[in-house]
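This is upload-v7.csv (CSV, C-alpha atoms and all ligand atoms).
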chain,number,residue,atom,x,y,z
W,375,MET,CA,7.4,25.5,-9.9
W,376,VAL,CA,8.1,21.9,-8.9
W,377,THR,CA,9.0,19.7,-11.8
W,378,ALA,CA,8.7,15.9,-11.9
W,379,PHE,CA,12.1,14.9,-13.1
W,380,GLU,CA,14.3,16.8,-10.7
W,381,PRO,CA,15.8,15.5,-7.5
W,382,ALA,CA,13.7,15.8,-4.3
W,383,LYS,CA,14.3,15.2,-0.6
W,384,LEU,CA,12.1,12.8,1.2
W,385,GLY,CA,13.1,13.2,4.9
W,386,PRO,CA,16.7,12.0,5.1
W,387,ILE,CA,16.9,10.6,1.6
W,388,GLU,CA,16.9,12.1,-1.9
W,389,LEU,CA,15.1,10.7,-4.9
W,390,LYS,CA,16.2,11.4,-8.4
W,391,ASN,CA,12.7,12.5,-9.3
W,392,ARG,CA,9.3,12.9,-7.7
W,393,ILE,CA,7.7,9.7,-8.9
W,394,ILE,CA,7.3,6.6,-6.7
W,395,LYS,CA,6.2,3.2,-7.9
W,396,ALA,CA,3.1,2.4,-5.7
W,397,ALA,CA,3.1,-1.0,-4.0
W,398,THR,CA,1.4,-3.6,-6.2
W,399,PHE,CA,1.7,-7.0,-4.6
W,400,GLU,CA,4.1,-8.9,-6.8
W,401,GLY,CA,3.1,-12.5,-6.3
W,402,ARG,CA,6.7,-13.5,-6.6
W,403,ALA,CA,7.5,-14.8,-3.2
W,404,PRO,CA,6.3,-18.4,-3.0
W,405,LYS,CA,6.0,-19.4,0.7
W,406,GLY,CA,7.5,-16.0,1.5
W,407,ALA,CA,10.9,-16.5,-0.1
W,408,VAL,CA,12.5,-13.6,-2.1
W,409,THR,CA,13.0,-14.8,-5.6
W,410,GLN,CA,15.1,-13.6,-8.6
W,411,ASP,CA,11.7,-13.0,-10.3
W,412,LEU,CA,10.8,-10.5,-7.5
W,413,ILE,CA,14.2,-8.8,-7.9
W,414,ASP,CA,13.8,-8.6,-11.7
W,415,PHE,CA,10.3,-7.1,-11.3
W,416,HIS,CA,11.7,-4.1,-9.3
W,417,VAL,CA,14.9,-3.8,-11.4
W,418,ALA,CA,12.7,-3.3,-14.5
W,419,VAL,CA,10.9,-0.4,-12.8
W,420,ALA,CA,14.2,1.0,-11.6
W,421,GLU,CA,15.7,0.8,-15.1
W,422,GLY,CA,12.5,2.5,-16.3
W,423,GLY,CA,13.4,5.7,-14.5
W,424,ILE,CA,11.4,5.6,-11.2
W,425,GLY,CA,12.7,7.7,-8.3
W,426,MET,CA,11.7,5.0,-5.8
W,427,THR,CA,10.1,1.6,-6.1
W,428,THR,CA,8.0,0.1,-3.3
W,429,VAL,CA,8.2,-3.6,-2.4
W,430,ALA,CA,4.6,-4.6,-1.7
W,431,TYR,CA,3.5,-5.8,1.4
W,432,LEU,CA,6.1,-7.2,3.8
W,433,ALA,CA,4.4,-8.6,6.9
W,434,VAL,CA,5.5,-8.1,10.4
W,435,ALA,CA,3.9,-11.3,11.9
W,436,PRO,CA,2.8,-14.7,10.5
W,437,GLU,CA,-0.9,-14.0,11.0
W,438,GLY,CA,-0.3,-10.5,9.5
W,439,ARG,CA,0.6,-11.9,6.1
W,440,THR,CA,-2.1,-11.5,3.4
W,441,ASP,CA,-1.4,-15.2,2.8
W,442,ARG,CA,1.5,-17.5,3.1
W,443,ASN,CA,3.1,-16.3,-0.1
W,444,CYS,CA,4.1,-13.0,1.5
W,445,VAL,CA,7.5,-12.2,2.8
W,446,LEU,CA,7.8,-12.0,6.6
W,447,LEU,CA,10.1,-9.0,7.3
W,448,SER,CA,10.5,-9.8,11.0
W,449,ASP,CA,12.2,-13.0,10.1
W,450,THR,CA,16.0,-12.4,9.8
W,451,ALA,CA,16.2,-15.5,7.5
W,452,ASN,CA,14.8,-13.3,4.8
W,453,LEU,CA,17.5,-10.6,5.1
W,454,GLU,CA,19.9,-12.1,2.6
W,455,GLY,CA,17.3,-12.2,-0.2
W,456,LEU,CA,16.1,-8.7,0.6
W,457,GLN,CA,19.7,-7.4,0.6
W,458,ARG,CA,20.1,-8.8,-2.9
W,459,LEU,CA,16.9,-7.1,-3.9
W,460,THR,CA,17.8,-3.6,-2.5
W,461,ALA,CA,21.3,-3.8,-4.0
W,462,SER,CA,20.0,-4.7,-7.4
W,463,VAL,CA,17.6,-1.8,-7.4
W,464,HIS,CA,20.3,0.6,-6.2
W,465,ASP,CA,22.6,-0.6,-9.0
W,466,ALA,CA,19.7,0.2,-11.4
W,467,GLY,CA,19.7,3.8,-10.1
W,468,ALA,CA,16.6,3.9,-8.0
W,469,LYS,CA,15.7,4.1,-4.3
W,470,ILE,CA,13.6,1.3,-2.8
W,471,SER,CA,10.9,1.4,-0.1
W,472,ALA,CA,9.4,-1.5,1.9
W,473,GLN,CA,5.7,-1.5,2.5
W,474,VAL,CA,5.4,-2.9,6.0
W,475,GLY,CA,2.3,-3.8,7.8
W,476,HIS,CA,-0.1,-6.3,9.4
W,477,SER,CA,-3.0,-7.5,7.3
W,478,GLY,CA,-5.3,-7.8,10.3
W,479,PRO,CA,-8.8,-8.9,9.0
W,480,VAL,CA,-7.6,-9.0,5.4
W,481,GLY,CA,-5.2,-11.9,6.2
W,482,ASN,CA,-6.2,-15.3,4.8
W,483,SER,CA,-6.3,-17.4,8.0
W,484,ARG,CA,-6.6,-20.7,6.2
W,485,SER,CA,-3.4,-20.1,4.1
W,486,ASN,CA,-1.6,-18.6,7.1
W,487,HIS,CA,-2.6,-21.4,9.5
W,488,ALA,CA,-3.2,-18.7,12.0
W,489,PRO,CA,-6.4,-16.8,13.0
W,490,SER,CA,-6.8,-13.3,11.5
W,491,LEU,CA,-6.9,-10.5,14.0
W,492,SER,CA,-8.8,-7.2,14.0
W,493,PRO,CA,-9.6,-4.6,16.7
W,494,SER,CA,-12.9,-6.1,17.6
W,495,GLY,CA,-13.4,-9.2,15.6
W,496,GLY,CA,-15.8,-9.6,12.7
W,497,ARG,CA,-16.8,-11.2,9.4
W,498,SER,CA,-16.2,-9.7,6.0
W,499,PRO,CA,-18.7,-9.7,3.1
W,500,LEU,CA,-16.9,-12.7,1.7
W,501,GLY,CA,-17.2,-14.5,5.0
W,502,MET,CA,-13.7,-14.1,6.3
W,503,VAL,CA,-13.7,-14.2,10.1
W,504,SER,CA,-11.3,-12.3,12.3
W,505,GLN,CA,-10.8,-12.5,16.1
W,506,PRO,CA,-10.5,-9.5,18.4
W,507,ALA,CA,-6.8,-8.8,19.1
W,508,THR,CA,-5.9,-9.0,22.8
W,509,ASN,CA,-3.6,-6.5,24.4
W,510,GLU,CA,-0.9,-9.3,24.4
W,511,ASP,CA,-1.4,-9.7,20.7
W,512,LEU,CA,-1.0,-5.9,20.2
W,513,ASP,CA,2.2,-5.8,22.4
W,514,ARG,CA,3.6,-8.7,20.4
W,515,ILE,CA,2.8,-7.0,17.1
W,516,LEU,CA,4.3,-3.7,18.2
W,517,LEU,CA,7.6,-5.6,18.9
W,518,ALA,CA,7.3,-7.2,15.5
W,519,PHE,CA,7.0,-3.8,13.9
W,520,ARG,CA,10.2,-2.8,15.8
W,521,GLN,CA,12.1,-5.9,14.7
W,522,SER,CA,10.9,-5.4,11.1
W,523,ALA,CA,12.0,-1.8,11.1
W,524,ARG,CA,15.5,-2.9,12.2
W,525,ASN,CA,15.5,-5.6,9.5
W,526,ALA,CA,14.4,-3.1,6.8
W,527,VAL,CA,17.4,-0.9,7.6
W,528,GLU,CA,19.7,-3.9,7.7
W,529,ALA,CA,18.3,-5.1,4.4
W,530,GLY,CA,19.3,-1.9,2.7
W,531,PHE,CA,15.9,-0.2,2.2
W,532,ASP,CA,15.9,3.6,1.8
W,533,CYS,CA,12.4,4.0,3.2
W,534,ILE,CA,9.6,2.2,5.1
W,535,GLU,CA,6.0,2.8,4.0
W,536,LEU,CA,3.8,1.8,6.9
W,537,HIS,CA,0.4,0.4,5.7
W,538,LEU,CA,-2.2,2.4,7.5
W,539,GLY,CA,-4.9,1.9,4.8
W,540,HIS,CA,-7.2,-0.5,3.0
W,541,GLY,CA,-8.8,-2.1,6.1
W,542,TYR,CA,-5.6,-3.7,7.2
W,543,LEU,CA,-4.9,-4.0,11.0
W,544,LEU,CA,-3.7,-0.4,11.7
W,545,SER,CA,-6.3,1.1,9.4
W,546,SER,CA,-9.1,-0.9,11.1
W,547,PHE,CA,-8.1,0.8,14.4
W,548,PHE,CA,-9.0,4.2,12.9
W,549,SER,CA,-12.4,2.9,11.8
W,550,PRO,CA,-15.5,3.6,14.0
W,551,LYS,CA,-17.1,0.6,12.4
W,552,ALA,CA,-14.3,-1.9,12.8
W,553,ASN,CA,-13.0,-0.6,16.1
W,554,THR,CA,-15.6,-0.9,18.9
W,555,ARG,CA,-13.1,-1.6,21.6
W,556,THR,CA,-13.9,-0.2,25.1
W,557,ASP,CA,-10.3,-0.2,26.3
W,558,HIS,CA,-7.7,2.6,25.8
W,559,TYR,CA,-7.5,1.7,22.1
W,560,GLY,CA,-11.1,2.3,21.3
W,561,GLY,CA,-13.7,5.1,21.7
W,562,ASN,CA,-13.1,8.6,20.3
W,563,LEU,CA,-10.9,9.4,17.4
W,564,GLU,CA,-7.9,10.1,19.6
W,565,LYS,CA,-8.2,6.7,21.3
W,566,ARG,CA,-8.8,4.9,18.0
W,567,SER,CA,-5.6,6.4,16.6
W,568,LEU,CA,-3.5,5.5,19.7
W,569,TYR,CA,-2.3,2.1,18.6
W,570,PRO,CA,-1.3,3.0,15.0
W,571,ARG,CA,0.4,6.2,16.4
W,572,LYS,CA,2.4,4.0,18.8
W,573,VAL,CA,3.5,1.8,15.9
W,574,VAL,CA,4.6,4.9,13.9
W,575,GLU,CA,6.6,6.2,16.9
W,576,ALA,CA,8.2,2.8,17.6
W,577,VAL,CA,9.3,2.4,14.0
W,578,ARG,CA,10.8,5.9,13.9
W,579,GLU,CA,12.6,5.2,17.1
W,580,GLU,CA,14.2,2.1,15.5
W,581,ILE,CA,15.2,3.6,12.3
W,582,GLY,CA,16.1,7.1,13.5
W,583,ASP,CA,17.2,9.3,10.5
W,584,ARG,CA,18.9,6.4,8.7
W,585,ILE,CA,16.0,5.9,6.3
W,586,ALA,CA,12.8,7.7,5.4
W,587,LEU,CA,9.4,6.8,6.9
W,588,THR,CA,6.1,7.3,5.2
W,589,ALA,CA,2.6,5.9,5.8
W,590,LYS,CA,-0.2,5.0,3.3
W,591,ILE,CA,-3.5,6.0,4.8
W,592,SER,CA,-7.1,5.7,3.7
W,593,MET,CA,-8.9,9.0,3.3
W,594,ARG,CA,-12.2,7.1,3.4
W,595,ASP,CA,-12.8,3.4,3.2
W,596,ALA,CA,-16.1,3.8,1.4
W,597,THR,CA,-18.0,1.5,3.8
W,598,LYS,CA,-21.1,2.4,5.6
W,599,GLY,CA,-20.2,3.6,9.1
W,600,GLY,CA,-16.5,3.4,8.3
W,601,ILE,CA,-13.7,6.0,7.9
W,602,GLU,CA,-14.7,9.3,6.4
W,603,LEU,CA,-12.8,12.5,5.8
W,604,GLU,CA,-14.2,13.9,9.1
W,605,HIS,CA,-12.1,11.1,10.8
W,606,SER,CA,-9.1,10.8,8.5
W,607,ILE,CA,-8.2,14.5,8.3
W,608,PRO,CA,-7.9,14.9,12.1
W,609,THR,CA,-6.1,11.6,12.3
W,610,ALA,CA,-3.6,12.9,9.7
W,611,GLN,CA,-3.2,16.1,11.7
W,612,LEU,CA,-2.4,14.0,14.8
W,613,LEU,CA,0.2,12.1,12.8
W,614,GLU,CA,1.6,15.4,11.5
W,615,GLN,CA,1.9,16.8,15.1
W,616,ASP,CA,3.6,13.6,16.2
W,617,GLY,CA,6.3,14.5,13.6
W,618,HIS,CA,7.6,10.9,12.9
W,619,LEU,CA,6.6,10.7,9.3
W,620,ASP,CA,8.3,12.2,6.2
W,621,ALA,CA,5.2,12.0,4.0
W,622,LEU,CA,1.7,10.6,3.8
W,623,VAL,CA,0.6,8.5,0.8
W,624,LEU,CA,-3.1,9.2,0.3
W,625,THR,CA,-5.3,6.2,-0.7
W,626,ALA,CA,-8.9,5.2,-0.1
W,627,GLY,CA,-11.1,2.1,-0.2
W,628,SER,CA,-10.9,-1.2,1.7
W,629,SER,CA,-9.5,-4.5,0.5
W,630,LEU,CA,-12.0,-6.2,2.7
W,631,ASN,CA,-15.2,-4.4,2.0
W,632,ASN,CA,-14.9,-2.2,-1.1
W,633,PRO,CA,-11.7,-3.0,-3.1
W,634,MET,CA,-12.8,-1.4,-6.4
W,635,TYR,CA,-13.0,2.0,-4.8
W,636,LEU,CA,-9.2,1.8,-4.5
W,637,PHE,CA,-8.6,1.0,-8.2
W,638,ARG,CA,-11.5,2.4,-10.4
W,639,GLY,CA,-12.1,1.0,-13.8
W,640,LYS,CA,-13.5,-2.4,-14.8
W,641,ALA,CA,-14.3,-4.9,-12.0
W,642,PRO,CA,-12.8,-8.3,-12.9
W,643,ARG,CA,-15.6,-10.2,-11.1
W,644,LYS,CA,-15.5,-13.3,-13.2
W,645,GLU,CA,-11.7,-13.7,-13.0
W,646,PHE,CA,-11.7,-13.0,-9.3
W,647,ALA,CA,-14.4,-15.6,-8.6
W,648,GLU,CA,-12.2,-18.2,-10.3
W,649,THR,CA,-9.4,-17.6,-7.7
W,650,LEU,CA,-11.6,-18.3,-4.7
W,651,PRO,CA,-11.9,-21.7,-2.9
W,652,GLN,CA,-15.3,-23.2,-3.0
W,653,PRO,CA,-17.3,-21.9,0.0
W,654,LEU,CA,-16.1,-18.3,-0.9
W,655,LYS,CA,-16.8,-18.8,-4.6
W,656,LEU,CA,-20.4,-19.6,-3.8
W,657,GLY,CA,-20.7,-16.6,-1.5
W,658,PHE,CA,-19.2,-14.4,-4.2
W,659,LYS,CA,-22.0,-15.4,-6.6
W,660,VAL,CA,-24.4,-13.8,-4.2
W,661,VAL,CA,-22.5,-10.7,-3.2
W,662,GLY,CA,-20.1,-10.3,-6.2
W,663,ARG,CA,-21.6,-7.2,-7.8
W,664,ARG,CA,-22.2,-5.5,-4.5
W,665,PHE,CA,-18.6,-6.4,-3.3
W,666,MET,CA,-17.0,-5.3,-6.5
W,667,PRO,CA,-19.0,-2.6,-8.3
W,668,ASP,CA,-17.6,-0.8,-11.3
W,669,TYR,CA,-16.3,2.6,-10.4
W,670,PRO,CA,-15.6,4.5,-13.6
W,671,TYR,CA,-11.9,5.3,-14.1
W,672,GLU,CA,-10.7,8.9,-14.4
W,673,GLU,CA,-7.3,10.3,-14.2
W,674,ALA,CA,-6.3,11.5,-10.7
W,675,TYR,CA,-9.5,10.2,-9.3
W,676,PHE,CA,-8.5,10.9,-5.7
W,677,LEU,CA,-7.4,14.5,-6.4
W,678,ASP,CA,-10.4,16.3,-5.0
W,679,MET,CA,-10.3,14.4,-1.7
W,680,ALA,CA,-6.5,14.6,-1.4
W,681,SER,CA,-6.7,18.3,-2.0
W,682,GLU,CA,-8.7,18.6,1.3
W,683,PHE,CA,-5.7,16.9,3.0
W,684,ARG,CA,-3.4,19.3,1.2
W,685,SER,CA,-5.3,22.3,2.6
W,686,ALA,CA,-5.3,20.8,6.2
W,687,LEU,CA,-1.7,19.7,6.4
W,688,LYS,CA,1.8,21.2,5.9
W,689,MET,CA,3.7,17.9,5.7
W,690,PRO,CA,4.7,16.3,2.4
W,691,LEU,CA,2.0,14.4,0.6
W,692,VAL,CA,2.0,11.8,-2.1
W,693,LEU,CA,-0.9,11.9,-4.6
W,694,LEU,CA,-1.9,8.4,-5.7
W,695,GLY,CA,-4.8,6.9,-7.8
W,696,GLY,CA,-5.1,7.2,-11.5
W,697,ILE,CA,-1.8,8.9,-12.2
W,698,SER,CA,-1.1,7.5,-15.6
W,699,ASN,CA,-0.4,10.3,-18.1
W,700,ALA,CA,2.4,12.8,-18.1
W,701,ALA,CA,0.0,15.7,-17.8
W,702,THR,CA,-1.5,14.1,-14.7
W,703,ILE,CA,1.9,13.9,-13.0
W,704,GLU,CA,2.3,17.6,-13.7
W,705,GLN,CA,-1.3,18.3,-12.5
W,706,GLY,CA,-0.6,16.5,-9.2
W,707,LEU,CA,2.7,18.3,-8.5
W,708,GLY,CA,1.0,21.6,-9.6
W,709,ALA,CA,-1.7,21.1,-7.0
W,710,GLY,CA,0.9,21.1,-4.2
W,711,PHE,CA,1.7,17.4,-3.8
W,712,GLU,CA,5.4,16.8,-3.3
W,713,PHE,CA,5.4,13.4,-5.0
W,714,VAL,CA,3.1,11.2,-7.1
W,715,ALA,CA,2.8,7.4,-6.9
W,716,MET,CA,1.9,5.2,-9.9
W,717,GLY,CA,0.8,1.6,-9.9
W,718,ARG,CA,-1.0,0.1,-12.9
W,719,ALA,CA,0.5,2.4,-15.5
W,720,LEU,CA,4.0,1.0,-14.6
W,721,LEU,CA,2.8,-2.5,-14.4
W,722,ALA,CA,1.7,-2.1,-18.0
W,723,GLU,CA,4.8,-0.3,-19.1
W,724,PRO,CA,7.7,-0.3,-16.7
W,725,ASP,CA,9.7,1.9,-19.0
W,726,LEU,CA,7.0,4.5,-19.4
W,727,LEU,CA,8.8,7.3,-17.4
W,728,LEU,CA,11.8,7.1,-19.7
W,729,ARG,CA,9.5,7.7,-22.7
W,730,TYR,CA,7.8,10.6,-20.8
W,731,GLN,CA,11.3,12.1,-20.3
W,732,ASP,CA,12.5,11.7,-23.9
W,733,GLY,CA,9.2,12.9,-25.2
W,734,THR,CA,8.3,9.8,-27.2
W,735,ALA,CA,5.1,9.2,-25.1
W,736,ARG,CA,2.7,11.4,-23.1
W,737,GLU,CA,0.0,8.8,-22.2
W,738,SER,CA,-0.1,5.4,-20.6
W,739,GLN,CA,-1.7,2.5,-22.5
W,740,CYS,CA,-3.2,0.9,-19.4
W,741,SER,CA,-6.9,0.3,-20.1
W,742,HIS,CA,-7.8,-0.2,-16.4
W,743,CYS,CA,-9.3,-3.6,-17.1
W,744,ASN,CA,-7.9,-4.5,-13.7
W,745,ARG,CA,-7.1,-8.1,-14.7
W,746,CYS,CA,-3.7,-7.4,-13.1
W,747,MET,CA,-5.5,-7.5,-9.7
W,748,VAL,CA,-6.3,-11.1,-10.2
W,749,SER,CA,-2.8,-12.0,-11.5
W,750,ILE,CA,-1.4,-11.4,-8.0
W,751,TYR,CA,-1.8,-15.1,-7.3
W,752,THR,CA,0.3,-16.2,-10.2
W,753,GLY,CA,2.9,-13.4,-10.6
W,754,THR,CA,1.4,-9.9,-10.9
W,755,ARG,CA,1.5,-8.6,-14.5
W,756,CYS,CA,-0.3,-6.6,-17.0
W,757,THR,CA,-2.3,-9.2,-19.0
W,758,GLU,CA,-2.1,-6.9,-22.1
W,759,SER,CA,1.7,-6.4,-21.9
W,760,PHE,CA,2.5,-3.3,-24.0
W,761,SER,CA,6.2,-2.9,-23.6
W,762,ALA,CA,8.2,-5.3,-21.4
X,801,LIG,C1,-2.2,-5.7,-8.9
X,801,LIG,C2,-2.2,-4.7,-7.8
X,801,LIG,C3,-1.7,-5.1,-6.5
X,801,LIG,C4,-1.8,-4.1,-5.5
X,801,LIG,N1,-1.2,-4.5,-4.3
X,801,LIG,C5,-1.1,-3.5,-3.3
X,801,LIG,C6,-0.5,-3.8,-2.1
X,801,LIG,O1,0.1,-4.8,-1.9
X,801,LIG,N2,-0.5,-2.8,-1.2
X,801,LIG,C7,-1.1,-1.6,-1.4
X,801,LIG,O2,-1.1,-0.7,-0.5
X,801,LIG,N3,-1.7,-1.3,-2.5
X,801,LIG,C8,-1.7,-2.2,-3.5
X,801,LIG,N4,-2.3,-1.9,-4.7
X,801,LIG,C9,-2.9,-0.6,-4.9
X,801,LIG,C10,-1.9,0.4,-5.5
X,801,LIG,O3,-0.8,0.6,-4.7
X,801,LIG,C11,-2.6,1.7,-5.9
X,801,LIG,O4,-3.1,2.3,-4.6
X,801,LIG,C12,-3.8,1.6,-6.8
X,801,LIG,O5,-3.4,0.7,-7.9
X,801,LIG,C13,-4.1,2.9,-7.5
X,801,LIG,O6,-3.0,3.5,-8.1
X,801,LIG,P1,-3.0,3.4,-9.8
X,801,LIG,O7,-4.2,4.1,-10.3
X,801,LIG,O8,-1.7,4.2,-10.1
X,801,LIG,O9,-2.9,2.0,-10.2
X,801,LIG,C14,-2.3,-2.8,-5.7
X,801,LIG,C15,-2.8,-2.5,-7.0
X,801,LIG,C16,-2.8,-3.4,-8.0
X,801,LIG,C17,-3.3,-3.0,-9.4
Please, can you express the file's structure as structure tokens?
Amino acid sequence: MVTAFEPAKLGPIELKNRIIKAATFEGRAPKGAVTQDLIDFHVAVAEGGIGMTTVAYLAVAPEGRTDRNCVLLSDTANLEGLQRLTASVHDAGAKISAQVGHSGPVGNSRSNHAPSLSPSGGRSPLGMVSQPATNEDLDRILLAFRQSARNAVEAGFDCIELHLGHGYLLSSFFSPKANTRTDHYGGNLEKRSLYPRKVVEAVREEIGDRIALTAKISMRDATKGGIELEHSIPTAQLLEQDGHLDALVLTAGSSLNNPMYLFRGKAPRKEFAETLPQPLKLGFKVVGRRFMPDYPYEEAYFLDMASEFRSALKMPLVLLGGISNAATIEQGLGAGFEFVAMGRALLAEPDLLLRYQDGTARESQCSHCNRCMVSIYTGTRCTESFSA
């Protein structure tokens, strides 16, 4: 019987327990600079007893940032700040992972001063436009992933989590809707998965066995014509056969088309509309409810879907989505997942795991109001603040 608070191997590294802090964009890197505030955010989670914290979203290329307030990992100028971050988390007793990716069509081209890219170009429900990535773009981005992987090792990270989900660039390649390319990167499932698999292989080549490598992948993106389990399970099997990954983190939903599917709970439509610049704000009035419907929250809301992956794969899997209460952690591990990842529950109470361990708490106080989602522009936080 696997228990939550015992050490566990993740590829070449060992975590002191089986709980990972899921990436929640911190909003603490103005113009992409690592700040003490970003360090403090992760130290609080590390001191709260996590096995490994995840630094959310480090971009490999300027146009692959979600916006300009996102750290560019391929830029060696950021190494010193990232080294301070990893050292501080290590001192606080936890491992630290870097979520690495290219935002593709999710990138804010206006803020980035660079056009957003996607496999075949397109327009999102909120009117964000992306251009089709050329083969030169893709070669350049592959090299940027390599450089970023080297920098992650040099910065002292214990793990890289490649972002293969949520409609970001690599995830879009898997999608039959977003990827209509007619070259070697488009067509059947094998061809659509070719570019992301090349990236995974390249990153593993760069890091070797020095640190762990995981990937966060969308089981379905809940968009008409998009990724479904019939696509994502065989894709995961290809990734397993390739043998470069130490674990898959199972997510679902699309930041671009259906963000609430990822989170569940109350949709903060009014608060979100306030963050948009004028043309988008107007568009949001029309499509707001369709773009951000309420999906009722329940504990372990991805468990059924993820269990289909568990049956189809042998490699280690990380269960994510609605892991808040102590019993849900045990349920996930009992269902055969090697690790669980927690996002909002730890935003609300960074010290929650210590209280689960000493028996003074069994349940999270997070209400899933999801106002934390909107706080990413001003320093991500729980707006109800229970403990910190
Ligand atoms: C404020 C906030 C920011 C997030 N930012 C990211 C991100 O940068 N990258 C990512 O892959 N997921 C991001 N997520 C999604 C979480 O990693 C996680 O998949 C989701 O919150 C479900 O887990 P939970 O129920 O434990 O919160 C974010 C979630 C929240 C609440």
Write out as a compact mmCIF listing (two decimals) with C-alpha atoms, in the frame of the given file each polymer residue (protein, DNA or RNA) that has an atom no more than 7 Å from ligand LIG 801 (chain X), with only C-alpha atoms and all ligand atoms counted.
# COMPACT_ATOMS: atom_id res chain seq x y z
CA ALA W 396 3.10 2.40 -5.70
CA ALA W 397 3.10 -1.00 -4.00
CA THR W 398 1.40 -3.60 -6.20
CA PHE W 399 1.70 -7.00 -4.60
CA GLU W 400 4.10 -8.90 -6.80
CA ALA W 430 4.60 -4.60 -1.70
CA TYR W 431 3.50 -5.80 1.40
CA HIS W 537 0.40 0.40 5.70
CA LYS W 590 -0.20 5.00 3.30
CA THR W 625 -5.30 6.20 -0.70
CA LEU W 636 -9.20 1.80 -4.50
CA PHE W 637 -8.60 1.00 -8.20
CA LEU W 694 -1.90 8.40 -5.70
CA GLY W 695 -4.80 6.90 -7.80
CA GLY W 696 -5.10 7.20 -11.50
CA ILE W 697 -1.80 8.90 -12.20
CA SER W 698 -1.10 7.50 -15.60
CA ALA W 715 2.80 7.40 -6.90
CA MET W 716 1.90 5.20 -9.90
CA GLY W 717 0.80 1.60 -9.90
CA ARG W 718 -1.00 0.10 -12.90
CA ALA W 719 0.50 2.40 -15.50
CA ASN W 744 -7.90 -4.50 -13.70
CA CYS W 746 -3.70 -7.40 -13.10
CA MET W 747 -5.50 -7.50 -9.70
CA VAL W 748 -6.30 -11.10 -10.20
CA SER W 749 -2.80 -12.00 -11.50
CA ILE W 750 -1.40 -11.40 -8.00
CA THR W 754 1.40 -9.90 -10.90
| task | Please indicate the distance in Å from CA of Gln705 in chain W to CA of Ala378 in chain W, rounded to one decimal place. | result | 10.3 Å
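Pairwise distance (CA of Thr757 in chain W, CA of Asp668 in chain W) equals 19.1 Å.
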| message | Which residues are near Leu727 in chain W? Cut-off 12 Å, all atoms listed in the file, ignore same chain within fewer than 4 positions. Put them as a ChimeraX atom specification. | response | /W:378-379,391-395,418-425,697-700,703,716,719-723,731-738
| Suppose you want the space between CA of Asp511 in chain W and CA of His487 in chain W; what is it in Å? | 16.2 Å
| said: List the spatial neighbours of Gly627 in chain W as a ChimeraX atom specification - criterion: any atom at most 9 Å away, all atoms listed in the file, same-chain residues fewer than 6 positions off excluded. | reply: /W:539-541,592-597,633-637
| query | Glu388 in chain W: which residues within 10 Å, counting only C-alpha atoms, same-chain residues fewer than 6 positions away excluded, as a PyMOL selection string? | reply | chain W and resi 381-382+425-426+469+532+586
| field | Nearby residues (all atoms listed in the file) at most 12 Å from range 556-562 of chain W, same-chain spacing under 3 positions excluded, as a list of chain:residue names | value | W:Pro493, W:Ser494, W:Pro506, W:Ala507, W:Thr508, W:Asn509, W:Leu512, W:Leu544, W:Ser546, W:Phe547, W:Phe548, W:Ser549, W:Pro550, W:Lys551, W:Ala552, W:Asn553, W:Lys565, W:Arg566, W:Ser567, W:Leu568, W:Tyr569, W:Pro570, W:Arg571, W:Lys572, W:His605, W:Pro608, W:Thr609
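When only C-alpha atoms are used to compute distances to Ile591 in chain W, the closest of the residues W:Phe415, W:Tyr542, W:Phe646, W:Phe658 turns out to be W:Tyr542.
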| query | Which residues, written as JSON, numbers by chain, have at least one atom at most 7 Å from range 444-456 of chain W, with all atoms listed in the file counted and residues fewer than 5 positions away on the same chain left out? | reply | {"W": [403, 405, 406, 407, 408, 432, 433, 434, 435, 436, 439, 518, 521, 522, 525, 529]}
| request: Starting from the point (13.4, 10.1, 7.1), work out which residues of protein, DNA or RNA have an atom no more than 6 Å away when counting all atoms listed in the file; state them as number ranges by chain. | output: W: 385-386, 583, 585-587, 620
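Proximity of W:Leu656, W:Val474, W:Leu687, W:Leu726 to Gln739 in chain W, computed with all atoms listed in the file, is greatest for W:Leu726.
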| message | With distances taken over only C-alpha atoms, which residue among W:Val623, W:His464, W:Ala647, W:Asn632 lies nearest Phe711 in chain W? | response | W:Val623
| field | Nearest to Asp414 in chain W, chosen from W:Arg458, W:Arg524, W:Arg638, W:Arg497, with only C-alpha atoms counted in the distances | value | W:Arg458
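Between Tyr675 in chain W and the residues W:Gly501, W:Pro479, W:Gly706, W:Pro651, the shortest atom-to-atom distance, using all atoms listed in the file, involves W:Gly706.
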